[in-house]
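Engineer: Before anything else, here's the structure in question.
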Amino acid sequence: MVSKQNNNIKRSERYPWLISFLEGWSIFRQNLLGKIGLVLLIIFALMALCSYIPPWINPMYNPMTGVDPEITSCTPPSLRHWLGTDFMGRDILSQLLAGARIAFMVGISAAVMSVVLGVSIGMTAGYMGRFVDTLLMRLADMIMVMPTLLVVLLLSAVFGQLSIWTIVLIIALFRWPGVSRIIRGQTLSLKQRPFIEAAKVAGASHFRIIFVHIMPNVLPLAFLFMTFRVTSAIITEAALAFLGFGDPGTVSWGMMLQWVWKTGHMFQAPYWLLPPGICISLITLSFYMLGRAMDEVLDPRLRREDQTD
Amino acid sequence: MALLEVENMSIGYNTKKGYLKAVEGVSFTLEEGASLGFVGESGCGKTTIGMALMGLLPPNGSVREGRILFEGKNTLRMSDEEIRKIRWRKMAMIFQAAMNALNPVQRVGNQIAEAILVHNPSVGKEEAMGQVEALFELVGIPRDRLRDYPHQYSGGMKQRAVIAMALACHPKLIIADEPTTALDVIVQSQILGEIKDLQKEFNLSIIFISHDISIVADMCKDICVMYAGQLVEFGPREEVFESPSHPYTKALLSSFPTVTGKKSDLIPIPGETPNLVIPPAGCRFCDRCSGPGPSCQAEAPEWVEIGPGHKTLCCRC
Amino acid sequence: MHKRDESVLEIRDVSKIYKTRGAFFGSSGKDVTALYRISLDIFKGEIFGLVGESGSGKTTMGRLIVGLEDVNSGEIVLDGREIVGLRGRAQKEFRRKVQMIFQDPYQSLNPQRSIYDTVSEPLKIHGIGDASTRKDLVRETLKSVGLSPPDDFFFKYPHRLSGGQRQRVAIARAMILNPEFVISDEPTSMLDASISAQIFNILLELRNKLGVTQLFITHSLAAARYLCDRVAVIYRGNLMEVGPAEEVIRNPKHPYTQALLDAVPKFGHDRDAKRYGTLLAKDRDVEEDAGCVFFPRCAAAHEDRCGRKQPGLSQLGDGHFVACFRLEAMHEA
C-alpha cells in the first residue's frame with residue numbers, strides 16, 4: 001500500500017508538465033473570461049466538426065455547390081433550411097458550419113506559422129546579438145509598419161485571385177515581427193541567467209543552449225502569442241474575403257458577408273447577414289479572452305502569493 | 001508601562017498549499033529605549049513579526065490570536081485609520097529591500113519632506129525641507145546630495161536615506177528588518193554604528209531583525225532566537241551568546257565561521273526546517289537536534305527559566 | 001597540504017576593462033577597470049580565497065578563468081597551457097578540467113530540467129559513458145554532495161528543492177566531470193548560516209578526498225578563514241594583500257584588510273579585540289587617480305606618496321605579500 005502510494009508520487013514527479021498544467025488549470029478555472037472563451041471555442045469547434053454532416057445528409061446542403069432545386073432566391077429560415085438560403089438557394093447553416101472550419105484552419109495555421117517564424121527569428125536575434133540582431137530586428141520593424149491588408153490587395157491585383165493557403169502564408173509572413181520582438185527580449189534576459197552560463201561552463205554548444213535551455217523557457221510565451229495571432233489572422237482573412245479578395249473556392253464567413261453585400265441583401269436578409277457577422281465577432285473575442293486568461297496563468301507575478309518571509 | 005507588549009501572538013498565511021502557521025505563540029515586551037533582536041533563519045517568521053507589528057501583513061496573512069499592545073493600546077483592535085496614525089509617527093520600519101523603498105523618479109530630499117508633510121500637515125514646506133536637512137546631517141549624508149535622485153546614491157547612502165525617512169516623524173519605535181543585508185561589511189558597520197548612535201541620542205526603542213546572530217548581538221541588549229515560527233530562546237545577549245542553552249542556538253552559533261579566536265570546525269545543522277503547514281507535534285527542532293530526548297518527538301516543550309531573564313523552550317535543558 | 005612548486009593556475013598580469021556605452025549614439029562612455037594587472041598563482045590541492053567587496057572585481061576574476069569573459073591583457077595559464085581565447089576541441093577539453101559553482105542556486109539551475117537532466121548534462125555534452133554508467137555516476141555524485149537517497153532526486157525539479165539542496169545539485173553538476181579546478185563564486189551568500197556550513201564542509205571534503213584545487217570567491221573574511229589555505233584581498237580591481245589565510249586574517253598588514261576586519265561585528269568573540277582604525281571617517285578628495293586605490297579612504301596614508309603612485313606587492317614574510325608603501329617604509333627603516 002505504502003509502496004504503491006510512493007510510486008504514484010514518483011510518477012507525478014516524473015511528469016512535471018502535468019503538475020504545472022493542473023496548477024495552471026486551477027488558476028484558469030478561476031478566470032470567468034477564460035471560461036467563457038473556452039466554452040465558446042468548444043462550441044465553434046463542434047460547429048466545425050459538424051460541417052461534414054449536412055452535405056452527407058443531402059448533397060443540396062453542400063455549402064459551395066449544393067443548391068436546393070426548389071429554391072432560386074434568398075429565403076428566410078424554414079424547417080428545410082434552418083437559417084434560410086442565400087440568393088442561389090444554398091443552405092446558410094451549412095455555409096456557417098463550413099465557415100467555422102475555415103476560420104479554425106486559417107486562424108490556427110497562420111498563427112502556428114507566424115509563431116514558429118517569430119520564435120525562431122526572435123531566438124536567433126536574441127541569442128546571436130550584434131549585427132544579426134540588428135539586421136533581423138530592422139527587418140521586423142520594416143514588416144511591422146507595412147499595412148498587411150494593402151499588400152495583400154496589391155498582390156491579388158497582380159497575381160489574380162489568391163488561394164486560401166496563399167492568404168494564410170501571407171498573413172503568417174506579415175505577423176511574425178511582434179512575436180519575434182517579445183521572444184527576442186525573453187531570450188536576451190534568459191541568456192544572462194546563470195543557468196545558461198552554467199551550461200556554457202559545462203561545455204554545451206550553442207545549438208544545445210538554444211534548443212535545450214532557452215527554447216523550453218520561451219515556449220509558454222509563444223503559446224500565449226499563438227492565441228492572439230489566431231484572432232488577428234481570422235480578422236484579416238475575413239476582411240480580405242469581404243473586400244472580394246478571398247479565395248472564391250472556399251466558404252468563409254467573410255465570403256458569406258461579401259455575398260450578402262454584393263447581391264444587395266445587406267438590409268433585406270438579416271438571417272443571412274447576422275450569423276456570419278456574429279460568428280466572426282464571437283470567435284475572435286473568444287480567442288482573445290482565452291489569451292487573456294492564459295496570460296494570467298503564465299504571469300509569474302501572480303504565482304508568488306505563497307512566498308512568505 | 002512597557003512601550004510594546006506582545007502576548008501570545010500567532011500569525012498565519014493562506015497559501016495554495018494550505019494554512020501556513022508562520023508564527024506561533026510569540027510573547028515579548030519592549031521597554032522604552034530598549035533594544036530587542038530577533039534572530040533566525042529564513043522562514044522562521046521573524047519578518048512576519050515585524051510586518052504584524054506595523055500592521056502591514058500581506059492580504060493573505062493575519063494575526064490569528066494574541067494581542068499587540070503599543071503604549072497600552074491593542075493595535076489589532078484599531079481601525080486602519082488609527083493604525084495609519086501611529087505608523088511612521090510612533091513606529092517606523094526600515095525594510096529589508098530598503099533600496100527599493102525610494103521612488104526612482106523623485107529627488108531623495110523631496111521624498112522625505114513629503115513623508116513629513118503627509119504625517120504632519122501643520123508643518124510648512126520650507127520647514128519640512130529644513131527638517132530633512134537636519135535628518136541628513138544626522139544620518140551622515142552630505143547636504144549637497146539632497147537634490148539627487150536615488151540612482152545617484154550608493155547602496156549605503158540609500159540605506160541612510162531610508163533611515164532618515166524612518167526617523168522623519170520622530171518615532172518611538174524603529175523596526176529594522178535586515179537593514180544591512182545587501183551591503184558590504186564596511187558600509188554595514190558604519191550604518192550599524194549610525195543606528196546605535198541615533199538610538200542613544202533619541203532614546204529610541206529598536207527591534208532588530210537579522211539572520212546574523214553576531215550583528216544582532218552587536219546591536220541589541222536582548223536577543224530572541226526564533227526557529228520554525230516559535231521563540232526558542234530569549235535572554236540578555238551575553239547569556240544567549242556565551243552560554244546558549246537551546247540546542248538550536250548552540251547549533252546556530254557553531255555554524256558561523258569567525259575571524260577571531262581559535263579556528264574550529266563548523267558544525268552544520270543537518271536536515272531542513274519543518275513544513276509549517278503541518279508543523280511537528282512535539283519540539284520543532286527535534287529532527288535536527290543533536291541530542292533529543294525520548295519525549296521530544298511527541299510532547300511540546302515548555303519554557304524553562306535558566307537564569308535571570310534567560311528562558312529557553314526545550315525539555316532537555 | 002599543497003606543494004609550493006606545483007601551481008595549477010597562473011594568472012599573469014591580467015587586466016579587464018569594461019567599456020560602458022554612452023547614453024547617445026556615438027558618445028563613448030567611461031571605461032571601468034574591473035581588474036588591474038593581477039598576478040596570482042594557485043597551487044595544486046589548495047583552496048585559494050579571493051576576498052573583496054561588491055565591485056571589487058572578484059567575480060570578474062572567476063568569470064575570466066572559466067572563459068565566460070575574455071581578458072583585455074595578460075594571460076591565464078592552466079597546467080602550463082594558455083587558456084585565453086581557446087576555441088573548438090581545445091576549449092571543450094578545457095571545460096572538462098575547470099568548473100564553476102554559481103552564487104545563486106535559484107538562478108543557476110534550469111527550472112525546466114529535472115535534477116537528473118541537470119547533473120548528467122556535462123556527461124552528455126562530453127560523450128561520457130552510456131545511459132546506465134551515466135546513471136551510476138549521477139547517483140554517486142549526488143550521494144557525495146549529501147543528496148541521498150539519490151534516486152529520490154532524479155526526477156525532481158529545482159522548484160521542489162530548498163536553496164541548500166539546489167546548491168548541492170549545482171556542486172554535483174560541477175563535480176561530475178571530475179574537474180581539476182573548481183571556482184565557487186559566493187556559493188552561500190543566498191543561504192542560511194546552518195546551510196552555508198553544510199556547503200563549506202562539502203567543499204572542504206572535495207579538496208580533502210579528491211584533491212580538487214579551488215578558487216573560493218567571497219566577501220566574508222570569516223568564510224575565507226574557515227575554508228582557505230591562502231587568500232588574496234582585492235579592492236577595486238587591485239590586489240591589496242596575498243598570503244596564508246590565517247596569517248592575513250589574524251595579522252593583517254594592509255590598511256584595507258585591517259578596515260575589513262574592523263567592520264566585522266565581534267560581539268562575544270573577542271571583547272577587547274583591537275581596532276586598527278585605518279578607515280577615514282570621511283573620504284579624502286582626490287583629484288587624480290594616480291595613487292593607491294585605497295588612498296581616498298585610508299587613514300594611514302602618506303599624503304605625498306600614496307596619492308601619487310600605486311604601490312606594488314612586496315613580500316613581507318613567507319608568502320605574505322602586501323601592496324602598501326607604509327610597509328615598504330617599515331622595511332627600509
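Going by the C-alpha cells order, chains are called A, B, ..., each with residues numbered from 1, while ligands are numbered from 1 in the order shown.
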Could you name the residues that touch His302 (chain C) at 9 Å or less, counting only C-alpha atoms, but leaving out those on the same chain fewer than 5 positions away, as a list in words?
Structural biologist: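 So, after excluding close chain neighbours, the residues are Phe295, Gly307, Phe325 and Arg326 of chain C.
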Engineer: Could you name the residues that touch Ser27 (chain B) at 6 Å or less, counting only C-alpha atoms, but leaving out those on the same chain fewer than 6 positions away, as a VMD selection string?
Structural biologist: chain B and resid 6 to 8
Engineer: Which residue is closest to chain B? Choose from C:Phe200, C:Tyr276, C:Phe321, C:Phe216 and count only C-alpha atoms.
Structural biologist: C:Phe200
Engineer: For each of C:His219, C:Arg275, C:Lys309, C:Lys282, take the minimum atom-to-atom distance to Arg297 (chain C), counting only C-alpha atoms, then give the residue where this is smallest.
Structural biologist: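 Looking at the shortest contact to Arg297 (chain C), the residue is C:Lys282.
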Engineer: Give me the chain C side of the contact with chain A, cut-off 7 Å, one line per residue showing its nearest atom pair and distance in Å at one decimal, counting only C-alpha atoms, sorted by chain and residue number, as JSON lines.
Structural biologist:
```
{"residue": "C:Val66", "atom": "CA", "partner": "A:Val201", "partner_atom": "CA", "distance": 6.7}
{"residue": "C:Lys92", "atom": "CA", "partner": "A:Gly203", "partner_atom": "CA", "distance": 5.8}
{"residue": "C:Arg95", "atom": "CA", "partner": "A:Gly203", "partner_atom": "CA", "distance": 5.5}
{"residue": "C:Gln99", "atom": "CA", "partner": "A:Val201", "partner_atom": "CA", "distance": 6.3}
{"residue": "C:Met100", "atom": "CA", "partner": "A:Val201", "partner_atom": "CA", "distance": 6.9}
{"residue": "C:Gln107", "atom": "CA", "partner": "A:Pro194", "partner_atom": "CA", "distance": 5.7}
{"residue": "C:Ser108", "atom": "CA", "partner": "A:Phe195", "partner_atom": "CA", "distance": 3.9}
{"residue": "C:Leu109", "atom": "CA", "partner": "A:Phe195", "partner_atom": "CA", "distance": 5.0}
{"residue": "C:Asn110", "atom": "CA", "partner": "A:Phe195", "partner_atom": "CA", "distance": 5.5}
{"residue": "C:Gln112", "atom": "CA", "partner": "A:Pro216", "partner_atom": "CA", "distance": 6.8}
{"residue": "C:Pro122", "atom": "CA", "partner": "A:Ala202", "partner_atom": "CA", "distance": 5.4}
{"residue": "C:Ile125", "atom": "CA", "partner": "A:Ala204", "partner_atom": "CA", "distance": 6.0}
{"residue": "C:Phe155", "atom": "CA", "partner": "A:Arg14", "partner_atom": "CA", "distance": 5.4}
{"residue": "C:Lys156", "atom": "CA", "partner": "A:Glu13", "partner_atom": "CA", "distance": 6.0}
```
Engineer: Could you save the residues just selected, with C-alpha atoms, as a PDB file, in the first residue's frame?
Structural biologist:
```pdb
ATOM      1  CA  VAL C  66      36.275  29.834 -16.758  1.00  0.00           C
ATOM      2  CA  LYS C  92      35.928  21.572 -24.811  1.00  0.00           C
ATOM      3  CA  ARG C  95      35.777  22.735 -19.966  1.00  0.00           C
ATOM      4  CA  GLN C  99      34.115  24.049 -13.482  1.00  0.00           C
ATOM      5  CA  MET C 100      32.192  26.725 -11.661  1.00  0.00           C
ATOM      6  CA  GLN C 107      19.080  31.053 -10.816  1.00  0.00           C
ATOM      7  CA  SER C 108      21.778  28.613 -11.780  1.00  0.00           C
ATOM      8  CA  LEU C 109      19.522  25.593 -12.376  1.00  0.00           C
ATOM      9  CA  ASN C 110      17.251  25.463 -15.387  1.00  0.00           C
ATOM     10  CA  GLN C 112      12.526  23.202 -16.876  1.00  0.00           C
ATOM     11  CA  PRO C 122      28.023  17.559 -18.688  1.00  0.00           C
ATOM     12  CA  ILE C 125      27.970  17.039 -23.660  1.00  0.00           C
ATOM     13  CA  PHE C 155      13.075  13.273 -11.359  1.00  0.00           C
ATOM     14  CA  LYS C 156      12.564  16.208  -9.078  1.00  0.00           C
TER      15      LYS C 156
END
```
Engineer: How close does chain B get to chain A? List, as a tab-separated table, each residue of chain B within 7 Å, its nearest atom pair and the distance in Å to one decimal, counting only C-alpha atoms.
Structural biologist:
```
residue	atom	partner	partner_atom	distance
B:Thr15	CA	A:Asp306	CA	4.9
B:Lys16	CA	A:Asp306	CA	6.5
B:Ser42	CA	A:Asp309	CA	6.7
B:Gly43	CA	A:Asp309	CA	5.4
B:Gly45	CA	A:Asp309	CA	6.3
B:Thr47	CA	A:Asp309	CA	5.6
B:Thr48	CA	A:Asp309	CA	6.1
```
Engineer: Find the residues of chain C in contact range of chain B, meaning any atom within 8 Å when counting only C-alpha atoms, and list them as an NGL selection string.
Structural biologist: :C and (53-54 or 192-198 or 201 or 219 or 221-223 or 225-226 or 249-250 or 259-261 or 263-270)
Engineer: Running DSSP on the backbone, which parts of region 166-274 of chain A land in alpha helix (DSSP H), as a VMD selection string?
Structural biologist: chain A and resid 166 to 191 194 to 201 206 to 208 215 to 242 253 to 262 270 to 274
Engineer: So which residues touch Met9 (chain B) within 10 Å, counting only C-alpha atoms, skipping near sequence neighbours fewer than 5 positions away, as a ChimeraX atom specification?
Structural biologist: /B:23-28,49,52,63-68
Engineer: What is the CA of Glu247 (chain C) to CA of Ile191 (chain B) distance in Å?
Structural biologist: 28.6 Å
Engineer: So how far away is CA of Glu31 (chain B) from CA of Glu201 (chain B), in Å?
Structural biologist: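 Interatomic distance here is 16.2 Å.
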Engineer: Give me the residues within 6 Å of region 169-184 of chain C as a list in words, counting only C-alpha atoms and dropping any in the same chain fewer than 2 places off.
Structural biologist: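 Residues meeting the cut-off are Arg96, Lys97, Val98, Gln99, Met100, Ile101, Val119, Thr141, Leu142, Arg166, Gln167, Pro187, Val212, Thr213, Gln214, Leu215 and Phe216 of chain C.
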Engineer: Would you save the residues from that selection as an mmCIF file, in the first residue's frame, using N, CA and C atoms?
Structural biologist:
```
data_model
loop_
_atom_site.group_PDB
_atom_site.id
_atom_site.type_symbol
_atom_site.label_atom_id
_atom_site.label_comp_id
_atom_site.auth_asym_id
_atom_site.auth_seq_id
_atom_site.Cartn_x
_atom_site.Cartn_y
_atom_site.Cartn_z
ATOM 1 N N ARG C 96 36.319 20.432 -19.431
ATOM 2 C CA ARG C 96 36.277 19.263 -18.559
ATOM 3 C C ARG C 96 37.092 19.476 -17.300
ATOM 4 N N LYS C 97 38.094 20.338 -17.433
ATOM 5 C CA LYS C 97 39.026 20.492 -16.313
ATOM 6 C C LYS C 97 38.602 21.559 -15.313
ATOM 7 N N VAL C 98 37.895 22.573 -15.798
ATOM 8 C CA VAL C 98 37.575 23.702 -14.940
ATOM 9 C C VAL C 98 36.064 23.875 -14.854
ATOM 10 N N GLN C 99 35.549 23.897 -13.664
ATOM 11 C CA GLN C 99 34.115 24.049 -13.482
ATOM 12 C C GLN C 99 33.813 25.181 -12.501
ATOM 13 N N MET C 100 32.546 25.588 -12.500
ATOM 14 C CA MET C 100 32.192 26.725 -11.661
ATOM 15 C C MET C 100 30.901 26.452 -10.895
ATOM 16 N N ILE C 101 30.850 26.947 -9.671
ATOM 17 C CA ILE C 101 29.626 26.895 -8.865
ATOM 18 C C ILE C 101 29.171 28.331 -8.689
ATOM 19 N N VAL C 119 22.274 17.290 -13.768
ATOM 20 C CA VAL C 119 23.562 16.759 -13.303
ATOM 21 C C VAL C 119 24.238 15.921 -14.390
ATOM 22 N N THR C 141 27.602 10.849 -7.578
ATOM 23 C CA THR C 141 27.916 12.260 -7.348
ATOM 24 C C THR C 141 26.896 12.899 -6.417
ATOM 25 N N LEU C 142 25.626 12.577 -6.638
ATOM 26 C CA LEU C 142 24.600 13.145 -5.760
ATOM 27 C C LEU C 142 24.834 12.702 -4.323
ATOM 28 N N ARG C 166 19.488 22.818 -3.706
ATOM 29 C CA ARG C 166 19.803 23.274 -5.061
ATOM 30 C C ARG C 166 21.296 23.510 -5.223
ATOM 31 N N GLN C 167 21.897 24.124 -4.199
ATOM 32 C CA GLN C 167 23.319 24.395 -4.321
ATOM 33 C C GLN C 167 24.109 23.084 -4.352
ATOM 34 N N PRO C 187 29.204 30.895 -3.048
ATOM 35 C CA PRO C 187 28.176 29.854 -3.167
ATOM 36 C C PRO C 187 27.169 29.868 -2.027
ATOM 37 N N VAL C 212 40.675 18.335 -5.218
ATOM 38 C CA VAL C 212 40.307 19.349 -6.198
ATOM 39 C C VAL C 212 40.842 20.713 -5.757
ATOM 40 N N THR C 213 41.569 21.361 -6.648
ATOM 41 C CA THR C 213 42.039 22.713 -6.372
ATOM 42 C C THR C 213 40.859 23.671 -6.552
ATOM 43 N N GLN C 214 40.758 24.641 -5.656
ATOM 44 C CA GLN C 214 39.582 25.504 -5.728
ATOM 45 C C GLN C 214 39.921 26.983 -5.576
ATOM 46 N N LEU C 215 39.144 27.778 -6.277
ATOM 47 C CA LEU C 215 39.169 29.215 -6.044
ATOM 48 C C LEU C 215 37.847 29.558 -5.391
ATOM 49 N N PHE C 216 37.917 30.103 -4.204
ATOM 50 C CA PHE C 216 36.700 30.414 -3.455
ATOM 51 C C PHE C 216 36.551 31.931 -3.399
#
```
Engineer: What's the 12 Å shell around Lys158 (chain B), counting only C-alpha atoms, without same-chain residues fewer than 4 positions away, as a PyMOL selection string?
Structural biologist: chain B and resi 94-95+97-104+107-109+136+139-141+145-146+148-154+162-165+179-180+182-183+187+191
Engineer: Looking at only C-alpha atoms, which of B:Ala166, B:Val132, B:Ala298, B:Val240 is the one that sits closest to Ala281 (chain B)?
Structural biologist: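 Among the listed residues, B:Ala298 lies closest to Ala281 (chain B).
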Engineer: Apply DSSP to the backbone of this structure and, from region 154-281 of chain C, keep only the residues in strand (DSSP E); write these as number ranges by chain.
Structural biologist: C: 181-185, 213-218, 230-235, 238-244
Engineer: May I have the residues within 8 Å of region 86-101 of chain A as a VMD selection string, using only C-alpha atoms and disregarding those fewer than 5 positions away in the same chain?
Structural biologist: chain A and resid 44 to 45 47 to 52 54 to 55 60 to 69 71 to 75 81 251 to 253 256 263 272 275 to 276
Engineer: Could you write out the selected residues, including N, CA and C atoms, as a short mmCIF file (atom, residue, chain, number, x, y, z; two decimals), in the first residue's frame?
Structural biologist:
```
data_model
loop_
_atom_site.label_atom_id
_atom_site.label_comp_id
_atom_site.auth_asym_id
_atom_site.auth_seq_id
_atom_site.Cartn_x
_atom_site.Cartn_y
_atom_site.Cartn_z
N PHE A 44 -17.62 26.47 -31.19
CA PHE A 44 -17.18 26.68 -32.57
C PHE A 44 -16.49 25.43 -33.12
N ALA A 45 -15.74 24.77 -32.26
CA ALA A 45 -15.05 23.57 -32.71
C ALA A 45 -16.07 22.50 -33.08
N MET A 47 -19.04 23.10 -34.13
CA MET A 47 -19.62 23.55 -35.41
C MET A 47 -18.74 23.10 -36.56
N ALA A 48 -17.43 23.31 -36.39
CA ALA A 48 -16.51 22.95 -37.46
C ALA A 48 -16.59 21.45 -37.75
N LEU A 49 -16.70 20.66 -36.67
CA LEU A 49 -16.79 19.22 -36.86
C LEU A 49 -18.09 18.83 -37.56
N CYS A 50 -19.17 19.55 -37.17
CA CYS A 50 -20.48 19.21 -37.72
C CYS A 50 -20.61 19.62 -39.18
N SER A 51 -19.67 20.41 -39.66
CA SER A 51 -19.80 20.92 -41.02
C SER A 51 -19.80 19.79 -42.04
N TYR A 52 -19.33 18.60 -41.65
CA TYR A 52 -19.32 17.48 -42.60
C TYR A 52 -20.68 16.80 -42.70
N PRO A 54 -24.13 18.04 -42.91
CA PRO A 54 -25.19 18.39 -43.88
C PRO A 54 -24.94 17.87 -45.29
N PRO A 55 -23.75 18.04 -45.87
CA PRO A 55 -23.55 17.54 -47.23
C PRO A 55 -23.71 16.02 -47.30
N MET A 60 -27.62 18.62 -51.50
CA MET A 60 -28.04 20.02 -51.69
C MET A 60 -27.59 20.90 -50.52
N TYR A 61 -27.15 20.23 -49.44
CA TYR A 61 -26.65 21.02 -48.31
C TYR A 61 -25.16 21.33 -48.45
N ASN A 62 -24.57 20.92 -49.59
CA ASN A 62 -23.16 21.28 -49.78
C ASN A 62 -23.03 22.80 -49.78
N PRO A 63 -22.18 23.34 -48.93
CA PRO A 63 -22.14 24.79 -48.74
C PRO A 63 -21.77 25.55 -50.02
N MET A 64 -20.95 24.93 -50.88
CA MET A 64 -20.47 25.66 -52.05
C MET A 64 -21.32 25.35 -53.28
N THR A 65 -21.50 24.06 -53.51
CA THR A 65 -22.11 23.66 -54.79
C THR A 65 -23.54 23.19 -54.65
N GLY A 66 -23.95 22.93 -53.40
CA GLY A 66 -25.28 22.37 -53.22
C GLY A 66 -26.36 23.44 -53.36
N VAL A 67 -27.27 23.25 -54.29
CA VAL A 67 -28.35 24.23 -54.48
C VAL A 67 -29.66 23.49 -54.31
N ASP A 68 -30.53 24.08 -53.50
CA ASP A 68 -31.85 23.48 -53.35
C ASP A 68 -32.59 23.61 -54.68
N PRO A 69 -32.95 22.51 -55.30
CA PRO A 69 -33.57 22.60 -56.63
C PRO A 69 -34.87 23.38 -56.62
N ILE A 71 -35.52 26.08 -54.80
CA ILE A 71 -35.40 27.49 -54.39
C ILE A 71 -34.39 28.18 -55.31
N THR A 72 -34.71 29.35 -55.76
CA THR A 72 -33.79 30.07 -56.63
C THR A 72 -33.48 31.45 -56.12
N SER A 73 -34.01 31.76 -54.96
CA SER A 73 -33.69 33.08 -54.41
C SER A 73 -33.48 32.97 -52.91
N CYS A 74 -33.19 34.10 -52.33
CA CYS A 74 -32.92 34.15 -50.90
C CYS A 74 -34.20 33.90 -50.12
N THR A 75 -34.18 32.86 -49.22
CA THR A 75 -35.39 32.60 -48.42
C THR A 75 -35.08 32.60 -46.94
N HIS A 81 -34.47 24.52 -44.30
CA HIS A 81 -33.22 25.30 -44.20
C HIS A 81 -33.30 26.14 -42.93
N VAL A 251 -15.76 28.60 -48.58
CA VAL A 251 -16.85 29.35 -47.95
C VAL A 251 -16.37 29.82 -46.59
N SER A 252 -15.90 31.06 -46.50
CA SER A 252 -15.55 31.59 -45.19
C SER A 252 -16.63 32.58 -44.79
N TRP A 253 -16.62 32.93 -43.51
CA TRP A 253 -17.65 33.87 -43.03
C TRP A 253 -17.50 35.21 -43.73
N MET A 256 -19.16 34.91 -47.00
CA MET A 256 -20.62 34.99 -46.89
C MET A 256 -21.06 36.44 -46.82
N THR A 263 -24.85 40.96 -53.43
CA THR A 263 -26.16 40.71 -54.02
C THR A 263 -27.21 41.67 -53.48
N TRP A 272 -29.38 36.19 -43.12
CA TRP A 272 -28.20 35.84 -43.90
C TRP A 272 -26.98 36.66 -43.42
N PRO A 275 -25.74 35.87 -38.93
CA PRO A 275 -24.95 34.72 -38.43
C PRO A 275 -23.45 34.81 -38.71
N PRO A 276 -23.02 35.05 -39.94
CA PRO A 276 -21.56 35.13 -40.11
C PRO A 276 -20.94 36.31 -39.36
#
```
Engineer: Report, in Å to a single decimal, how far apart CA of Leu64 (chain C) and CA of His206 (chain A) are.
Structural biologist: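 Computed distance, CA of His206 (chain A) to CA of Leu64 (chain C), equals 19.3 Å.
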